[in-house]
>>> print(open('start_2.cif').read())   # mmCIF, C-alpha atoms
data_upload
loop_
_atom_site.group_PDB
_atom_site.id
_atom_site.type_symbol
_atom_site.label_atom_id
_atom_site.label_comp_id
_atom_site.auth_asym_id
_atom_site.auth_seq_id
_atom_site.Cartn_x
_atom_site.Cartn_y
_atom_site.Cartn_z
ATOM 1 C CA MET A 266 -11.587 -6.666 -24.572
ATOM 2 C CA GLU A 267 -12.967 -8.857 -21.806
ATOM 3 C CA ILE A 268 -12.288 -9.422 -18.119
ATOM 4 C CA ILE A 269 -12.648 -13.008 -16.906
ATOM 5 C CA PHE A 270 -12.522 -13.311 -13.136
ATOM 6 C CA GLY A 271 -10.855 -16.361 -11.634
ATOM 7 C CA ARG A 272 -11.245 -15.064 -8.108
ATOM 8 C CA LEU A 273 -12.972 -12.040 -6.641
ATOM 9 C CA ASP A 274 -13.601 -11.272 -2.996
ATOM 10 C CA ASN A 275 -13.484 -8.125 -0.901
ATOM 11 C CA ASN A 276 -9.702 -8.000 -0.711
ATOM 12 C CA ASN A 277 -8.318 -10.085 -3.600
ATOM 13 C CA ALA A 278 -8.934 -10.432 -7.298
ATOM 14 C CA ARG A 279 -7.361 -12.571 -9.994
ATOM 15 C CA PHE A 280 -8.586 -12.059 -13.536
ATOM 16 C CA THR A 281 -7.576 -12.428 -17.161
ATOM 17 C CA LEU A 282 -7.735 -9.436 -19.476
ATOM 18 C CA THR A 283 -8.129 -10.590 -23.078
ATOM 19 C CA GLU A 284 -7.549 -8.895 -26.452
ATOM 20 C CA THR A 285 -5.357 -6.233 -24.884
ATOM 21 C CA ARG A 286 -1.864 -4.804 -25.197
ATOM 22 C CA THR A 287 0.976 -4.381 -22.730
ATOM 23 C CA ALA A 288 0.629 -0.560 -22.836
ATOM 24 C CA PHE A 289 -3.028 -0.697 -21.805
ATOM 25 C CA ALA A 290 -2.409 -3.377 -19.158
ATOM 26 C CA ASN A 291 0.342 -1.257 -17.616
ATOM 27 C CA ALA A 292 -1.801 1.899 -17.682
ATOM 28 C CA PHE A 293 -4.549 -0.092 -15.943
ATOM 29 C CA ARG A 294 -2.119 -1.357 -13.307
ATOM 30 C CA ARG A 295 -0.780 2.126 -12.677
ATOM 31 C CA ALA A 296 -4.303 3.576 -12.458
ATOM 32 C CA MET A 297 -5.257 1.016 -9.800
ATOM 33 C CA ILE A 298 -2.155 1.873 -7.772
ATOM 34 C CA SER A 299 -2.007 5.632 -8.024
ATOM 35 C CA GLU A 300 -5.254 7.086 -9.381
ATOM 36 C CA VAL A 301 -7.902 5.597 -7.084
ATOM 37 C CA PRO A 302 -8.409 7.860 -4.044
ATOM 38 C CA THR A 303 -8.498 6.647 -0.425
ATOM 39 C CA LEU A 304 -8.416 8.120 3.069
ATOM 40 C CA ALA A 305 -5.144 8.416 4.976
ATOM 41 C CA ILE A 306 -4.046 10.482 7.960
ATOM 42 C CA ASP A 307 -2.276 13.587 6.732
ATOM 43 C CA GLN A 308 -2.189 16.052 9.631
ATOM 44 C CA VAL A 309 -1.434 15.251 13.250
ATOM 45 C CA ARG A 310 -1.747 17.615 16.205
ATOM 46 C CA ILE A 311 0.299 16.271 19.104
ATOM 47 C CA TYR A 312 -0.721 17.489 22.554
ATOM 48 C CA ASP A 313 1.573 15.212 24.499
ATOM 49 C CA ASN A 314 4.120 12.580 23.574
ATOM 50 C CA THR A 315 6.397 11.288 26.310
ATOM 51 C CA SER A 316 7.113 8.040 24.465
ATOM 52 C CA VAL A 317 10.502 7.058 23.070
ATOM 53 C CA LEU A 318 9.389 7.883 19.532
ATOM 54 C CA PHE A 319 9.879 11.320 17.966
ATOM 55 C CA ASP A 320 6.670 13.200 17.073
ATOM 56 C CA GLU A 321 7.526 13.051 13.371
ATOM 57 C CA MET A 322 8.043 9.275 13.482
ATOM 58 C CA LEU A 323 4.751 8.789 15.322
ATOM 59 C CA ALA A 324 2.903 10.958 12.760
ATOM 60 C CA HIS A 325 4.515 9.003 9.911
ATOM 61 C CA ARG A 326 3.355 5.684 11.391
ATOM 62 C CA LEU A 327 -0.198 7.010 11.782
ATOM 63 C CA GLY A 328 -0.197 8.077 8.143
ATOM 64 C CA LEU A 329 0.503 4.519 6.987
ATOM 65 C CA ILE A 330 -2.550 2.986 8.724
ATOM 66 C CA PRO A 331 -5.166 1.962 6.111
ATOM 67 C CA LEU A 332 -8.590 3.509 6.810
ATOM 68 C CA ARG A 333 -11.993 2.373 5.586
ATOM 69 C CA THR A 334 -13.068 4.744 2.827
ATOM 70 C CA ASP A 335 -16.540 5.490 1.530
ATOM 71 C CA LEU A 336 -16.029 7.511 -1.626
ATOM 72 C CA THR A 337 -19.730 8.332 -1.833
ATOM 73 C CA THR A 338 -19.341 10.331 1.418
ATOM 74 C CA TYR A 339 -15.799 11.670 1.174
ATOM 75 C CA VAL A 340 -14.327 13.600 -1.739
ATOM 76 C CA PRO A 341 -10.732 14.754 -2.361
ATOM 77 C CA ALA A 342 -10.002 18.073 -0.645
ATOM 78 C CA GLY A 343 -9.353 19.800 -3.971
ATOM 79 C CA GLU A 344 -12.843 18.897 -5.234
ATOM 80 C CA CYS A 345 -14.687 19.739 -2.002
ATOM 81 C CA SER A 346 -17.071 22.697 -1.771
ATOM 82 C CA CYS A 347 -15.096 23.961 1.255
ATOM 83 C CA GLY A 348 -12.130 24.599 -1.066
ATOM 84 C CA GLY A 349 -9.813 22.290 0.867
ATOM 85 C CA ALA A 350 -10.227 24.087 4.207
ATOM 86 C CA GLY A 351 -11.393 20.826 5.821
ATOM 87 C CA CYS A 352 -15.048 19.896 6.354
ATOM 88 C CA THR A 353 -16.992 16.697 7.084
ATOM 89 C CA HIS A 354 -17.093 15.858 3.347
ATOM 90 C CA CYS A 355 -13.333 15.814 2.825
ATOM 91 C CA THR A 356 -11.796 15.304 6.282
ATOM 92 C CA ALA A 357 -12.138 12.545 8.883
ATOM 93 C CA THR A 358 -11.023 13.296 12.437
ATOM 94 C CA TYR A 359 -9.502 10.882 14.976
ATOM 95 C CA THR A 360 -8.339 11.119 18.556
ATOM 96 C CA LEU A 361 -5.821 9.016 20.415
ATOM 97 C CA SER A 362 -5.180 9.200 24.133
ATOM 98 C CA VAL A 363 -3.249 6.346 25.723
ATOM 99 C CA GLU A 364 -1.158 6.012 28.858
ATOM 100 C CA GLY A 365 1.439 3.288 29.483
ATOM 101 C CA PRO A 366 2.477 0.658 30.258
ATOM 102 C CA ARG A 367 0.898 -0.951 27.193
ATOM 103 C CA MET A 368 1.095 -1.284 23.433
ATOM 104 C CA VAL A 369 -0.827 1.278 21.375
ATOM 105 C CA PHE A 370 -2.744 -0.354 18.535
ATOM 106 C CA SER A 371 -4.673 1.068 15.590
ATOM 107 C CA ARG A 372 -7.928 0.275 17.435
ATOM 108 C CA ASP A 373 -6.984 2.994 19.970
ATOM 109 C CA LEU A 374 -7.452 5.557 17.223
ATOM 110 C CA ILE A 375 -11.030 6.718 17.843
ATOM 111 C CA PRO A 376 -12.755 8.046 14.699
ATOM 112 C CA GLN A 377 -15.381 10.790 14.844
ATOM 113 C CA ASP A 378 -17.176 9.000 11.977
ATOM 114 C CA PRO A 379 -17.259 5.215 12.699
ATOM 115 C CA THR A 380 -17.359 4.398 8.962
ATOM 116 C CA THR A 381 -13.769 5.644 8.661
ATOM 117 C CA ALA A 382 -12.271 3.370 11.328
ATOM 118 C CA PRO A 383 -8.884 1.712 10.673
ATOM 119 C CA CYS A 384 -9.207 -1.402 8.464
ATOM 120 C CA HIS A 385 -7.276 -3.548 10.946
ATOM 121 C CA ASP A 386 -7.472 -3.323 14.743
ATOM 122 C CA GLU A 387 -4.168 -4.988 15.535
ATOM 123 C CA ILE A 388 -1.646 -2.690 13.816
ATOM 124 C CA PRO A 389 0.957 -1.807 16.487
ATOM 125 C CA ILE A 390 1.836 1.896 16.604
ATOM 126 C CA ILE A 391 4.061 2.288 19.657
ATOM 127 C CA LYS A 392 4.929 0.546 22.919
ATOM 128 C CA LEU A 393 4.564 2.722 26.000
ATOM 129 C CA SER A 394 6.368 2.139 29.295
ATOM 130 C CA GLU A 395 5.327 3.263 32.772
ATOM 131 C CA ASN A 396 4.474 6.999 32.951
ATOM 132 C CA GLN A 397 4.666 7.424 29.174
ATOM 133 C CA LYS A 398 1.666 8.754 27.302
ATOM 134 C CA VAL A 399 0.519 9.894 23.908
ATOM 135 C CA VAL A 400 -2.320 12.363 23.337
ATOM 136 C CA LEU A 401 -3.042 13.519 19.811
ATOM 137 C CA GLU A 402 -5.622 14.453 17.236
ATOM 138 C CA ALA A 403 -5.337 13.335 13.605
ATOM 139 C CA ARG A 404 -7.029 14.450 10.399
ATOM 140 C CA ALA A 405 -7.372 12.144 7.414
ATOM 141 C CA THR A 406 -7.984 13.416 3.892
ATOM 142 C CA VAL A 407 -8.836 11.765 0.584
ATOM 143 C CA ASN A 408 -6.055 11.758 -1.982
ATOM 144 C CA THR A 409 -4.346 9.457 -4.491
ATOM 145 C CA GLY A 410 -1.182 7.360 -4.509
ATOM 146 C CA LYS A 411 0.266 9.838 -7.013
ATOM 147 C CA GLU A 412 0.637 12.300 -4.119
ATOM 148 C CA HIS A 413 2.043 9.830 -1.579
ATOM 149 C CA ALA A 414 2.206 6.018 -1.268
ATOM 150 C CA LYS A 415 0.048 6.070 1.891
ATOM 151 C CA TRP A 416 -2.973 6.847 -0.336
ATOM 152 C CA GLN A 417 -2.482 3.702 -2.462
ATOM 153 C CA PRO A 418 -5.504 1.382 -2.126
ATOM 154 C CA THR A 419 -3.537 -1.665 -3.339
ATOM 155 C CA ILE A 420 -0.825 -3.650 -1.620
ATOM 156 C CA ALA A 421 0.046 -5.923 -4.533
ATOM 157 C CA CYS A 422 -1.024 -5.154 -8.069
ATOM 158 C CA GLY A 423 0.625 -6.752 -11.080
ATOM 159 C CA TYR A 424 0.162 -8.716 -14.256
ATOM 160 C CA LYS A 425 1.919 -11.263 -16.450
ATOM 161 C CA ASN A 426 1.444 -12.520 -19.990
ATOM 162 C CA TYR A 427 -0.822 -15.538 -20.288
ATOM 163 C CA PRO A 428 1.474 -18.597 -20.434
ATOM 164 C CA GLU A 429 1.294 -20.815 -23.515
ATOM 165 C CA ILE A 430 2.959 -24.185 -23.026
ATOM 166 C CA THR A 431 3.534 -26.465 -26.011
ATOM 167 C CA PHE A 432 5.180 -29.882 -26.276
ATOM 168 C CA SER A 433 6.819 -31.267 -29.404
ATOM 169 C CA GLU A 434 6.706 -34.886 -30.519
ATOM 170 C CA ASN A 435 10.323 -35.336 -29.404
ATOM 171 C CA CYS A 436 9.306 -35.518 -25.723
ATOM 172 C CA ASP A 437 10.324 -38.901 -24.285
ATOM 173 C CA GLY A 438 8.670 -38.333 -20.884
ATOM 174 C CA CYS A 439 11.966 -38.245 -18.944
ATOM 175 C CA GLY A 440 10.326 -36.056 -16.264
ATOM 176 C CA MET A 441 13.232 -33.609 -15.865
ATOM 177 C CA CYS A 442 10.954 -30.642 -16.606
ATOM 178 C CA VAL A 443 8.485 -31.940 -13.993
ATOM 179 C CA GLU A 444 11.197 -31.995 -11.329
ATOM 180 C CA GLU A 445 12.466 -28.536 -12.257
ATOM 181 C CA CYS A 446 9.102 -26.691 -12.332
ATOM 182 C CA PRO A 447 8.848 -24.580 -9.105
ATOM 183 C CA ARG A 448 5.046 -24.400 -9.353
ATOM 184 C CA GLY A 449 4.497 -28.122 -9.992
ATOM 185 C CA ILE A 450 2.287 -27.540 -13.025
ATOM 186 C CA LEU A 451 3.812 -30.313 -15.185
ATOM 187 C CA THR A 452 3.299 -34.057 -15.055
ATOM 188 C CA VAL A 453 4.144 -37.113 -17.145
ATOM 189 C CA LYS A 454 1.266 -39.172 -18.459
ATOM 190 C CA GLU A 455 1.434 -41.976 -21.011
ATOM 191 C CA GLY A 456 5.130 -41.333 -21.614
ATOM 192 C CA LYS A 457 4.713 -37.650 -22.447
ATOM 193 C CA ALA A 458 4.996 -34.469 -20.399
ATOM 194 C CA GLN A 459 1.847 -32.391 -20.095
ATOM 195 C CA VAL A 460 0.300 -29.588 -18.022
ATOM 196 C CA VAL A 461 -1.702 -30.522 -14.930
ATOM 197 C CA ALA A 462 -5.372 -29.695 -15.502
ATOM 198 C CA GLU A 463 -6.314 -26.043 -14.698
ATOM 199 C CA LYS A 464 -2.788 -25.174 -13.572
ATOM 200 C CA GLN A 465 -1.536 -23.503 -16.741
ATOM 201 C CA GLU A 466 -2.185 -19.994 -15.397
ATOM 202 C CA GLU A 467 0.170 -20.671 -12.484
ATOM 203 C CA CYS A 468 3.201 -20.876 -14.803
ATOM 204 C CA LEU A 469 5.805 -18.234 -13.853
ATOM 205 C CA LEU A 470 7.295 -18.106 -17.367
ATOM 206 C CA CYS A 471 10.673 -18.855 -15.735
ATOM 207 C CA ARG A 472 11.617 -21.348 -18.477
ATOM 208 C CA LEU A 473 13.497 -23.616 -16.077
ATOM 209 C CA CYS A 474 11.653 -26.517 -17.723
ATOM 210 C CA GLU A 475 13.098 -25.537 -21.106
ATOM 211 C CA GLU A 476 16.608 -25.507 -19.648
ATOM 212 C CA ALA A 477 16.033 -28.861 -17.933
ATOM 213 C CA CYS A 478 14.818 -30.332 -21.192
ATOM 214 C CA MET A 479 17.954 -29.122 -23.003
ATOM 215 C CA ALA A 480 20.096 -30.633 -20.240
ATOM 216 C CA GLY A 481 18.441 -33.976 -21.012
ATOM 217 C CA GLY A 482 20.287 -33.934 -24.350
ATOM 218 C CA ILE A 483 17.394 -34.696 -26.706
ATOM 219 C CA GLY A 484 17.931 -32.907 -30.010
ATOM 220 C CA SER A 485 19.095 -29.331 -30.393
ATOM 221 C CA GLU A 486 15.845 -27.736 -29.187
ATOM 222 C CA PRO A 487 13.827 -28.377 -26.026
ATOM 223 C CA SER A 488 10.657 -30.397 -26.548
ATOM 224 C CA ILE A 489 8.781 -28.082 -24.172
ATOM 225 C CA ARG A 490 8.250 -24.470 -25.190
ATOM 226 C CA ILE A 491 7.048 -21.639 -22.925
ATOM 227 C CA LYS A 492 5.723 -18.451 -24.460
ATOM 228 C CA GLY A 493 3.812 -15.519 -23.007
ATOM 229 C CA ASP A 494 0.743 -14.396 -24.940
ATOM 230 C CA GLU A 495 1.044 -10.598 -25.078
ATOM 231 C CA THR A 496 -2.632 -10.120 -25.935
ATOM 232 C CA ARG A 497 -3.828 -11.829 -22.727
ATOM 233 C CA LYS A 498 -2.740 -10.694 -19.263
ATOM 234 C CA ILE A 499 -3.289 -12.334 -15.921
ATOM 235 C CA PHE A 500 -3.811 -9.690 -13.214
ATOM 236 C CA VAL A 501 -3.467 -10.164 -9.470
ATOM 237 C CA VAL A 502 -4.823 -7.326 -7.303
ATOM 238 C CA GLU A 503 -4.672 -7.278 -3.524
ATOM 239 C CA GLY A 504 -6.246 -4.357 -1.672
ATOM 240 C CA ASP A 505 -5.457 -2.977 1.781
ATOM 241 C CA GLU A 506 -9.183 -3.212 2.703
ATOM 242 C CA SER A 507 -9.690 0.549 2.523
ATOM 243 C CA LEU A 508 -11.825 -0.079 -0.569
ATOM 244 C CA PRO A 509 -13.316 -3.294 -2.005
ATOM 245 C CA VAL A 510 -11.125 -4.598 -4.842
ATOM 246 C CA GLN A 511 -14.053 -4.475 -7.263
ATOM 247 C CA GLU A 512 -14.423 -0.741 -6.618
ATOM 248 C CA ILE A 513 -10.678 -0.235 -7.166
ATOM 249 C CA ILE A 514 -10.925 -1.953 -10.562
ATOM 250 C CA GLU A 515 -14.052 -0.024 -11.580
ATOM 251 C CA ARG A 516 -12.650 3.343 -10.537
ATOM 252 C CA ALA A 517 -9.336 2.687 -12.311
ATOM 253 C CA LEU A 518 -11.191 1.858 -15.529
ATOM 254 C CA MET A 519 -13.386 4.968 -15.150
ATOM 255 C CA HIS A 520 -10.242 7.053 -14.687
ATOM 256 C CA LEU A 521 -8.687 5.595 -17.862
ATOM 257 C CA ARG A 522 -11.852 6.272 -19.840
ATOM 258 C CA GLN A 523 -11.962 9.866 -18.585
ATOM 259 C CA LYS A 524 -8.317 10.430 -19.520
ATOM 260 C CA SER A 525 -8.924 8.924 -22.939
ATOM 261 C CA GLU A 526 -11.928 11.209 -23.502
ATOM 262 C CA ASP A 527 -9.910 14.235 -22.365
ATOM 263 C CA LEU A 528 -7.129 13.356 -24.792
ATOM 264 C CA HIS A 529 -9.643 12.896 -27.593
ATOM 265 C CA THR A 530 -11.159 16.317 -26.875
ATOM 266 C CA ILE A 531 -7.760 18.044 -26.831
ATOM 267 C CA VAL A 532 -6.609 16.368 -30.056
ATOM 268 C CA SER A 533 -9.920 17.258 -31.720
ATOM 269 C CA GLN A 534 -9.558 20.905 -30.676
ATOM 270 C CA LEU A 535 -5.981 21.055 -31.943
ATOM 271 C CA SER A 536 -6.784 19.444 -35.267
ATOM 272 C CA GLY A 537 -10.041 21.390 -35.677
ATOM 273 C CA VAL A 538 -12.066 18.190 -36.122
ATOM 274 C CA THR A 539 -14.991 17.553 -33.782
ATOM 275 C CA MET B 76 14.237 32.222 26.917
ATOM 276 C CA PRO B 77 16.446 29.437 28.344
ATOM 277 C CA ALA B 78 15.327 25.871 27.542
ATOM 278 C CA THR B 79 14.406 23.430 30.311
ATOM 279 C CA TYR B 80 16.555 20.334 30.806
ATOM 280 C CA LYS B 81 16.629 17.431 33.247
ATOM 281 C CA CYS B 82 19.834 16.222 34.843
ATOM 282 C CA ALA B 83 20.625 12.589 33.965
ATOM 283 C CA ARG B 84 22.123 11.901 37.422
ATOM 284 C CA CYS B 85 20.108 13.853 40.049
ATOM 285 C CA LYS B 86 16.904 14.292 37.918
ATOM 286 C CA HIS B 87 16.663 17.981 38.903
ATOM 287 C CA LYS B 88 15.111 20.422 36.471
ATOM 288 C CA VAL B 89 17.858 22.653 35.155
ATOM 289 C CA GLU B 90 17.765 25.831 33.133
ATOM 290 C CA ILE B 91 20.897 26.474 31.137
ATOM 291 C CA ASP B 92 21.952 29.297 28.886
ATOM 292 C CA VAL B 93 25.763 29.166 28.462
ATOM 293 C CA ASN B 94 27.274 26.489 30.749
ATOM 294 C CA VAL B 95 26.114 22.940 30.119
ATOM 295 C CA ARG B 96 26.370 21.686 33.698
ATOM 296 C CA CYS B 97 23.897 20.776 36.455
ATOM 297 C CA PRO B 98 24.160 23.407 39.242
ATOM 298 C CA TYR B 99 23.100 20.797 41.842
ATOM 299 C CA CYS B 100 25.456 17.871 41.160
ATOM 300 C CA GLY B 101 27.823 19.144 38.485
ATOM 301 C CA ASN B 102 26.855 16.466 35.969
ATOM 302 C CA ARG B 103 27.251 17.459 32.331
ATOM 303 C CA ILE B 104 24.674 15.087 30.848
ATOM 304 C CA LEU B 105 21.307 16.828 30.556
ATOM 305 C CA PHE B 106 18.147 15.732 28.756
ATOM 306 C CA LYS B 107 15.974 18.282 27.037
ATOM 307 C CA GLU B 108 12.415 18.377 28.395
ATOM 308 C CA ARG B 109 9.424 18.435 26.100
ATOM 309 C CA GLY B 110 7.782 21.854 25.834
ATOM 310 C CA ALA B 111 4.145 22.428 26.773
ATOM 311 C CA GLY B 112 3.169 23.628 23.294
ATOM 312 C CA ILE B 113 0.983 21.801 20.791
ATOM 313 C CA LYS B 114 2.792 20.515 17.721
ATOM 314 C CA ASP B 115 1.181 20.328 14.270
ATOM 315 C CA LEU B 116 2.793 17.858 11.891
ATOM 316 C CA LYS B 117 2.367 16.431 8.420
ATOM 317 C CA ALA B 118 2.074 12.643 8.547
ATOM 318 C CA ARG B 119 4.728 11.985 5.849
#
>>> encode(input="start_2.cif", output="structure tokens")
Amino acid sequence: MEIIFGRLDNNNARFTLTETRTAFANAFRRAMISEVPTLAIDQVRIYDNTSVLFDEMLAHRLGLIPLRTDLTTYVPAGECSCGGAGCTHCTATYTLSVEGPRMVFSRDLIPQDPTTAPCHDEIPIIKLSENQKVVLEARATVNTGKEHAKWQPTIACGYKNYPEITFSENCDGCGMCVEECPRGILTVKEGKAQVVAEKQEECLLCRLCEEACMAGGIGSEPSIRIKGDETRKIFVVEGDESLPVQEIIERALMHLRQKSEDLHTIVSQLSGVT
Amino acid sequence: MPATYKCARCKHKVEIDVNVRCPYCGNRILFKERGAGIKDLKAR
């Protein structure tokens, strides 16, 4: 199994996973979404809220703000030496005190530890009118997306089979498939349809080109064939900036390996083979 | 303990227990005032 990166930066990754199976690819996707821990606001103490928003709604909005997470400093509350009571190793504290008239943004949330500041400054929380104010204290904890979606480190995380596009000799270069393709990955050269260089991975596997080819009325089978290679998967991962995407991928793989080792140990114990 | 309300018409602070009516202007639309207590919530 091999990972070939097409793109990798702090917030986005696009890579091809080779010699794999759909079951493993899906387990990997699910691990990235729901098994990699991040920080998110979980408890809110409201001292004053004279805004138009209910306290519960305000707390819910705060919970959805992505926070920068350093997993070498913060550990999940269940694994912390304080036993989940809340200490500086498992809990980040924030304060918010704003008076209207103005819009309250995520940058108004002042963290006690600057490394856990909100990932984006411009997330609107609430609009305050004259004489309205919000004063609160919030506590963020480390947890996983399995507990609640606010702890998911990914915004978009998915995969597709690697597209294999083949042309038969019957192709007369009519160009109907080229017109139909929503991604514009096909072209006609020297009287034959072919894939534009380095655009094969962009195929959506929608097969509109196959249908267009059949509509052209050449033979009983389309001269273009689209097939997804189930042993190669193209992954697209977009993070919410709470963690670098590379760390999300690494931690998801570590989680899968740990689960696999645990399963191996349990099966060995049950079968009596070590 | 009776809850504190604010009259929608005359803006007087009103304490009601049985009759929902402002004793100053007779208006029946009252807004509940926020209490002074601190509220702990789960952000979910």
>>> residues_around(input="start_2.cif", residues="segment 90-98 of chain B", least_positions_apart="5", cutoff="8 Å", atoms="only C-alpha atoms", output="ChimeraX atom specification")
/B:77-80,82,103-105
>>> write_last_selection(input="start_2.cif", atoms="C-alpha atoms", output="mmCIF file, keeping the file's coordinate frame")
data_model
loop_
_atom_site.group_PDB
_atom_site.id
_atom_site.type_symbol
_atom_site.label_atom_id
_atom_site.label_comp_id
_atom_site.auth_asym_id
_atom_site.auth_seq_id
_atom_site.Cartn_x
_atom_site.Cartn_y
_atom_site.Cartn_z
ATOM 1 C CA PRO B 77 16.446 29.437 28.344
ATOM 2 C CA ALA B 78 15.327 25.871 27.542
ATOM 3 C CA THR B 79 14.406 23.430 30.311
ATOM 4 C CA TYR B 80 16.555 20.334 30.806
ATOM 5 C CA CYS B 82 19.834 16.222 34.843
ATOM 6 C CA ARG B 103 27.251 17.459 32.331
ATOM 7 C CA ILE B 104 24.674 15.087 30.848
ATOM 8 C CA LEU B 105 21.307 16.828 30.556
#
>>> atom_distance(input="start_2.cif", atom1="atom CA of Gly365 of chain A", atom2="atom CA of Asn396 of chain A")
5.9 Å
>>> resolve_selection(input="start_2.cif", expression="the PyMOL selection byres ((chain A) within 12 of (chain B))", output="PDB file with C-alpha atoms, in the frame of the given file")
ATOM      1  CA  ALA A 305      -5.144   8.416   4.976  1.00  0.00           C
ATOM      2  CA  ILE A 306      -4.046  10.482   7.960  1.00  0.00           C
ATOM      3  CA  ASP A 307      -2.276  13.587   6.732  1.00  0.00           C
ATOM      4  CA  GLN A 308      -2.189  16.052   9.631  1.00  0.00           C
ATOM      5  CA  VAL A 309      -1.434  15.251  13.250  1.00  0.00           C
ATOM      6  CA  ARG A 310      -1.747  17.615  16.205  1.00  0.00           C
ATOM      7  CA  ILE A 311       0.299  16.271  19.104  1.00  0.00           C
ATOM      8  CA  TYR A 312      -0.721  17.489  22.554  1.00  0.00           C
ATOM      9  CA  ASP A 313       1.573  15.212  24.499  1.00  0.00           C
ATOM     10  CA  ASN A 314       4.120  12.580  23.574  1.00  0.00           C
ATOM     11  CA  THR A 315       6.397  11.288  26.310  1.00  0.00           C
ATOM     12  CA  SER A 316       7.113   8.040  24.465  1.00  0.00           C
ATOM     13  CA  VAL A 317      10.502   7.058  23.070  1.00  0.00           C
ATOM     14  CA  PHE A 319       9.879  11.320  17.966  1.00  0.00           C
ATOM     15  CA  ASP A 320       6.670  13.200  17.073  1.00  0.00           C
ATOM     16  CA  GLU A 321       7.526  13.051  13.371  1.00  0.00           C
ATOM     17  CA  MET A 322       8.043   9.275  13.482  1.00  0.00           C
ATOM     18  CA  LEU A 323       4.751   8.789  15.322  1.00  0.00           C
ATOM     19  CA  ALA A 324       2.903  10.958  12.760  1.00  0.00           C
ATOM     20  CA  HIS A 325       4.515   9.003   9.911  1.00  0.00           C
ATOM     21  CA  ARG A 326       3.355   5.684  11.391  1.00  0.00           C
ATOM     22  CA  LEU A 327      -0.198   7.010  11.782  1.00  0.00           C
ATOM     23  CA  GLY A 328      -0.197   8.077   8.143  1.00  0.00           C
ATOM     24  CA  LEU A 329       0.503   4.519   6.987  1.00  0.00           C
ATOM     25  CA  ILE A 330      -2.550   2.986   8.724  1.00  0.00           C
ATOM     26  CA  VAL A 400      -2.320  12.363  23.337  1.00  0.00           C
ATOM     27  CA  LEU A 401      -3.042  13.519  19.811  1.00  0.00           C
ATOM     28  CA  GLU A 402      -5.622  14.453  17.236  1.00  0.00           C
ATOM     29  CA  ALA A 403      -5.337  13.335  13.605  1.00  0.00           C
ATOM     30  CA  ARG A 404      -7.029  14.450  10.399  1.00  0.00           C
ATOM     31  CA  ALA A 405      -7.372  12.144   7.414  1.00  0.00           C
ATOM     32  CA  THR A 406      -7.984  13.416   3.892  1.00  0.00           C
ATOM     33  CA  GLU A 412       0.637  12.300  -4.119  1.00  0.00           C
ATOM     34  CA  HIS A 413       2.043   9.830  -1.579  1.00  0.00           C
ATOM     35  CA  ALA A 414       2.206   6.018  -1.268  1.00  0.00           C
ATOM     36  CA  LYS A 415       0.048   6.070   1.891  1.00  0.00           C
ATOM     37  CA  TRP A 416      -2.973   6.847  -0.336  1.00  0.00           C
TER      38      TRP A 416
END
>>> resolve_selection(input="start_2.cif", expression="the PyMOL selection byres ((chain A and resi 334) around 12)", output="PyMOL selection string")
chain A and resi 301-306+331-333+335-341+354-357+378-384+405-408+416-418+505-509+512-513
>>> residues_near_point(input="start_2.cif", point="(-11.3, -10.6, -8.0)", cutoff="12 Å", atoms="only C-alpha atoms", output="NGL selection string")
:A and (268-281 or 422 or 499-504 or 509-515)
>>> resolve_selection(input="start_2.cif", expression="the PyMOL selection byres ((chain A and resi 424-433) around 9)", output="MDAnalysis selection string")
chainID A and resid 281 287 290:291 294 422:423 434:436 457:460 465:470 487:502
>>> residues_around(input="start_2.cif", residues="Leu473 of chain A", least_positions_apart="6", cutoff="8 Å", atoms="only C-alpha atoms", output="ChimeraX atom specification")
/A:442,445-446
>>> closest_residue(input="start_2.cif", among="A:His385, A:Lys398, A:Lys392, A:Lys524", to="Met368 of chain A", atoms="all atoms listed in the file")
A:Lys392
>>> atom_distance(input="start_2.cif", atom1="atom CA of Arg372 of chain A", atom2="atom CA of Arg516 of chain A")
28.5 Å
>>> atom_distance(input="start_2.cif", atom1="atom CA of Cys347 of chain A", atom2="atom CA of Leu374 of chain A")
25.5 Å
>>> residues_around(input="start_2.cif", residues="Met441 of chain A", least_positions_apart="4", cutoff="8 Å", atoms="all atoms listed in the file", output="list of chain:residue names")
A:Glu445, A:Cys474, A:Ala477, A:Cys478, A:Gly481
>>> write_last_selection(input="start_2.cif", atoms="C-alpha atoms", output="short mmCIF file (atom, residue, chain, number, x, y, z; two decimals), in the frame of the given file")
data_model
loop_
_atom_site.label_atom_id
_atom_site.label_comp_id
_atom_site.auth_asym_id
_atom_site.auth_seq_id
_atom_site.Cartn_x
_atom_site.Cartn_y
_atom_site.Cartn_z
CA GLU A 445 12.47 -28.54 -12.26
CA CYS A 474 11.65 -26.52 -17.72
CA ALA A 477 16.03 -28.86 -17.93
CA CYS A 478 14.82 -30.33 -21.19
CA GLY A 481 18.44 -33.98 -21.01
#
